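Structure first, commentary second.
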Amino acid sequence: MIHPLFFNQKFSLAVVIIITITAPIVGYFSIGLPPVIIVGGSALIALICWQKTYLKNPVNPSVILPLFVLTVAALQIHIVEEYQMGFAPAMSRLFRIPWSEKSFLMVFALVGPTVYTLTSLGLYYRIPIAGFVAWFIFIGPGVAEFTHFIFPLISPELLPHDPHSLTDSIAGSVIENMPNYYYKTTGTYYFPGMWTAVLPMIPGCFAIVKLLTLQKNNH
């Protein structure tokens with residue numbers, strides 16, 4: 001079994017800090033500010049929680065690994081609803097950002113599951129960086145998914161009073177079939193992913209409480 005001290009804590013902390021800084025910057029230039037605020041905010045909170053808990057004292061895999069797998073499985077179900085209902089183009093219309101369905105699938109349906117699989121292996125061997133990814137997932141889908149319930153109340157930046165789907169060029173990228181889910185226009189309180197948003201929130205929030213309680217008891 002790989003000893004947790006094999007991966008230097010300071011090195012792991014430096015890598016995670018670099019990821020926390022660079023990932024939002026890359027996301028900002030490729031997608032836009034609103035998603036980066038959610039993802040970057042979750043990453044920053046995850047960094048703080050991870051540094052105070054898992055980095056110093058990696059949690060037993062029998063505790064954290066099942067919670068992580070359940071959260072990720074629920075997250076993937078949630079992503080299915082988002083894709084089917086046009087989450088990425090809806091966000092593009094809402095905030096005037098160039099988020100295509102192709103980039104959505106690349107990140108959440110292809111790259112994401114690869115990272116989740118490697119993270120599961122890392123949690124099994126108590127690798128510190130895997131603990132950060134787990135904390136990020138617990139904070140993001142565990143807490144930040146509540147934003148889905150706010151999106152229907154925000155007036156889109158592109159033709160907010162037109163209920164029909166829109167195809168337009170945003171920042172040089174053509175985004176097709178951008179639906180309008182503005183409540184005052186459609187009369188329906190819904191946004192892609194809203195109905196399944198609570199699924200990853202349940203194990204995610206439970207994991208946060210569990211890990212913080214374990215840390216408190218250890219002290």
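Residues in the structure tokens are numbered from 1 in each chain, the chains being A, B, ... in the order shown, and ligands are numbered from 1 in the order shown.
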| message | Give me the residues near Lys10 of chain A as number ranges by chain, where near means some atom within 12 Å (using only C-alpha atoms) and where sequence neighbours in that chain fewer than 2 positions away do not count. | response | A: 5-8, 12-17, 51, 55-56, 128-129
| task | Name the residues of chain A that fall into alpha helix (DSSP H) according to DSSP on the backbone, using the chain letters and numbers of this document, as number ranges by chain. | result | A: 9-30, 33-52, 61-85, 87-95, 101-105, 112-124, 128-143, 183-186, 198-218
| Got a sec: who's within 10 Å of Leu44 of chain A, counting only C-alpha atoms, leaving out chain neighbours fewer than 5 positions off, as number ranges by chain? | A: 16-17, 20-21, 39, 49-50, 136, 139
List the neighbours of Pro160 of chain A out to 7 Å using only C-alpha atoms; skip same-chain residues closer than 4 positions along the sequence, and give me the result as an mmCIF file with N, CA and C atoms, in the first residue's frame.
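Full text of around_19.cif as output:
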data_model
loop_
_atom_site.group_PDB
_atom_site.id
_atom_site.type_symbol
_atom_site.label_atom_id
_atom_site.label_comp_id
_atom_site.auth_asym_id
_atom_site.auth_seq_id
_atom_site.Cartn_x
_atom_site.Cartn_y
_atom_site.Cartn_z
ATOM 1 N N SER A 155 -33.078 37.517 -15.914
ATOM 2 C CA SER A 155 -33.416 37.896 -17.277
ATOM 3 C C SER A 155 -32.233 37.641 -18.206
ATOM 4 N N PRO A 156 -32.416 36.862 -19.277
ATOM 5 C CA PRO A 156 -31.314 36.580 -20.212
ATOM 6 C C PRO A 156 -30.797 37.853 -20.874
ATOM 7 N N TYR A 182 -36.438 31.935 -19.072
ATOM 8 C CA TYR A 182 -36.793 33.048 -18.183
ATOM 9 C C TYR A 182 -38.249 32.890 -17.739
#
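The nearest approach to Phe68 of chain A among the residues A:Ser100, A:Thr119, A:Thr53, A:Ser92, with only C-alpha atoms taken into account, belongs to A:Thr119.
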Closest atom pairs, segment 80-134 of chain A residues within 9 Å of segment 161-176 of chain A, only C-alpha atoms, as CSV:
residue,atom,partner,partner_atom,distance
A:Pro89,CA,A:Ile175,CA,6.7
A:Ser92,CA,A:Ile175,CA,7.7
A:Arg93,CA,A:Leu166,CA,8.0
A:Arg96,CA,A:Ile170,CA,6.7
A:Ile97,CA,A:Ile170,CA,6.4
A:Pro98,CA,A:Ile170,CA,5.4
A:Trp99,CA,A:Ile175,CA,7.3
A:Ser100,CA,A:Ile175,CA,5.9
A:Glu101,CA,A:Ile175,CA,8.5
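Ranking A:Thr71, A:Gln76, A:Thr196, A:Asn60 by their shortest atom-to-atom distance to Gly142 of chain A, with only C-alpha atoms included, puts A:Thr71 first.
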| request: Quick one: everything within 9 Å of segment 145-147 of chain A, counting only C-alpha atoms, minus sequence neighbours fewer than 3 positions away in the same chain. Send it as a PyMOL selection string. | output: chain A and resi 38+140-142+150-151+193-194+197-198+200-201
Just the selected residues (N, CA, C and O atoms), exported as a PDB file, in the first residue's frame, please.
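Result written to selection_20.pdb:
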ATOM      1  N   ILE A  38     -18.888  30.320 -10.019  1.00  0.00           N
ATOM      2  CA  ILE A  38     -19.406  29.158  -9.303  1.00  0.00           C
ATOM      3  C   ILE A  38     -18.309  28.111  -9.100  1.00  0.00           C
ATOM      4  O   ILE A  38     -18.078  27.629  -7.986  1.00  0.00           O
ATOM      5  N   GLY A 140     -19.033  21.632  -4.798  1.00  0.00           N
ATOM      6  CA  GLY A 140     -19.715  22.041  -6.021  1.00  0.00           C
ATOM      7  C   GLY A 140     -21.114  21.449  -6.129  1.00  0.00           C
ATOM      8  O   GLY A 140     -22.116  22.122  -5.862  1.00  0.00           O
ATOM      9  N   PRO A 141     -21.221  20.172  -6.516  1.00  0.00           N
ATOM     10  CA  PRO A 141     -22.556  19.544  -6.571  1.00  0.00           C
ATOM     11  C   PRO A 141     -23.234  19.466  -5.209  1.00  0.00           C
ATOM     12  O   PRO A 141     -24.467  19.404  -5.131  1.00  0.00           O
ATOM     13  N   GLY A 142     -22.426  19.463  -4.157  1.00  0.00           N
ATOM     14  CA  GLY A 142     -23.020  19.352  -2.829  1.00  0.00           C
ATOM     15  C   GLY A 142     -23.703  20.615  -2.356  1.00  0.00           C
ATOM     16  O   GLY A 142     -24.675  20.568  -1.615  1.00  0.00           O
ATOM     17  N   ILE A 150     -32.087  29.528  -9.057  1.00  0.00           N
ATOM     18  CA  ILE A 150     -32.028  30.980  -9.222  1.00  0.00           C
ATOM     19  C   ILE A 150     -32.071  31.370 -10.692  1.00  0.00           C
ATOM     20  O   ILE A 150     -32.657  32.400 -11.056  1.00  0.00           O
ATOM     21  N   PHE A 151     -31.500  30.547 -11.560  1.00  0.00           N
ATOM     22  CA  PHE A 151     -31.384  30.878 -12.978  1.00  0.00           C
ATOM     23  C   PHE A 151     -32.704  31.233 -13.653  1.00  0.00           C
ATOM     24  O   PHE A 151     -32.732  32.148 -14.490  1.00  0.00           O
ATOM     25  N   GLY A 193     -31.487  20.977 -15.552  1.00  0.00           N
ATOM     26  CA  GLY A 193     -30.785  20.384 -14.422  1.00  0.00           C
ATOM     27  C   GLY A 193     -31.440  20.648 -13.083  1.00  0.00           C
ATOM     28  O   GLY A 193     -31.004  20.112 -12.062  1.00  0.00           O
ATOM     29  N   MET A 194     -32.493  21.463 -13.063  1.00  0.00           N
ATOM     30  CA  MET A 194     -33.083  21.871 -11.792  1.00  0.00           C
ATOM     31  C   MET A 194     -33.714  20.713 -11.040  1.00  0.00           C
ATOM     32  O   MET A 194     -33.599  20.613  -9.816  1.00  0.00           O
ATOM     33  N   ALA A 197     -30.961  18.468  -9.542  1.00  0.00           N
ATOM     34  CA  ALA A 197     -29.886  19.171  -8.828  1.00  0.00           C
ATOM     35  C   ALA A 197     -29.752  18.683  -7.389  1.00  0.00           C
ATOM     36  O   ALA A 197     -28.651  18.663  -6.829  1.00  0.00           O
ATOM     37  N   VAL A 198     -30.862  18.279  -6.807  1.00  0.00           N
ATOM     38  CA  VAL A 198     -30.842  17.875  -5.404  1.00  0.00           C
ATOM     39  C   VAL A 198     -30.161  16.520  -5.209  1.00  0.00           C
ATOM     40  O   VAL A 198     -29.686  16.219  -4.109  1.00  0.00           O
ATOM     41  N   PRO A 200     -27.137  15.110  -6.311  1.00  0.00           N
ATOM     42  CA  PRO A 200     -25.763  15.142  -5.779  1.00  0.00           C
ATOM     43  C   PRO A 200     -25.635  15.981  -4.511  1.00  0.00           C
ATOM     44  O   PRO A 200     -24.650  15.844  -3.774  1.00  0.00           O
ATOM     45  N   MET A 201     -26.618  16.841  -4.251  1.00  0.00           N
ATOM     46  CA  MET A 201     -26.552  17.661  -3.049  1.00  0.00           C
ATOM     47  C   MET A 201     -26.689  16.815  -1.784  1.00  0.00           C
ATOM     48  O   MET A 201     -26.078  17.123  -0.751  1.00  0.00           O
TER      49      MET A 201
END
| Residue with smallest distance to Ile79 of chain A - pool A:Leu105, A:Ala134, A:Ile154, A:Ala207, counting only C-alpha atoms |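 Between A:Leu105, A:Ala134, A:Ile154, A:Ala207, the residue approaching Ile79 of chain A most closely is A:Leu105.
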| request: Could you tell me how far atom CA of Gly86 of chain A lies from atom CA of Leu67 of chain A, in Å and to one decimal? | output: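 Interatomic distance, atom CA of Gly86 of chain A to atom CA of Leu67 of chain A: 28.3 Å.
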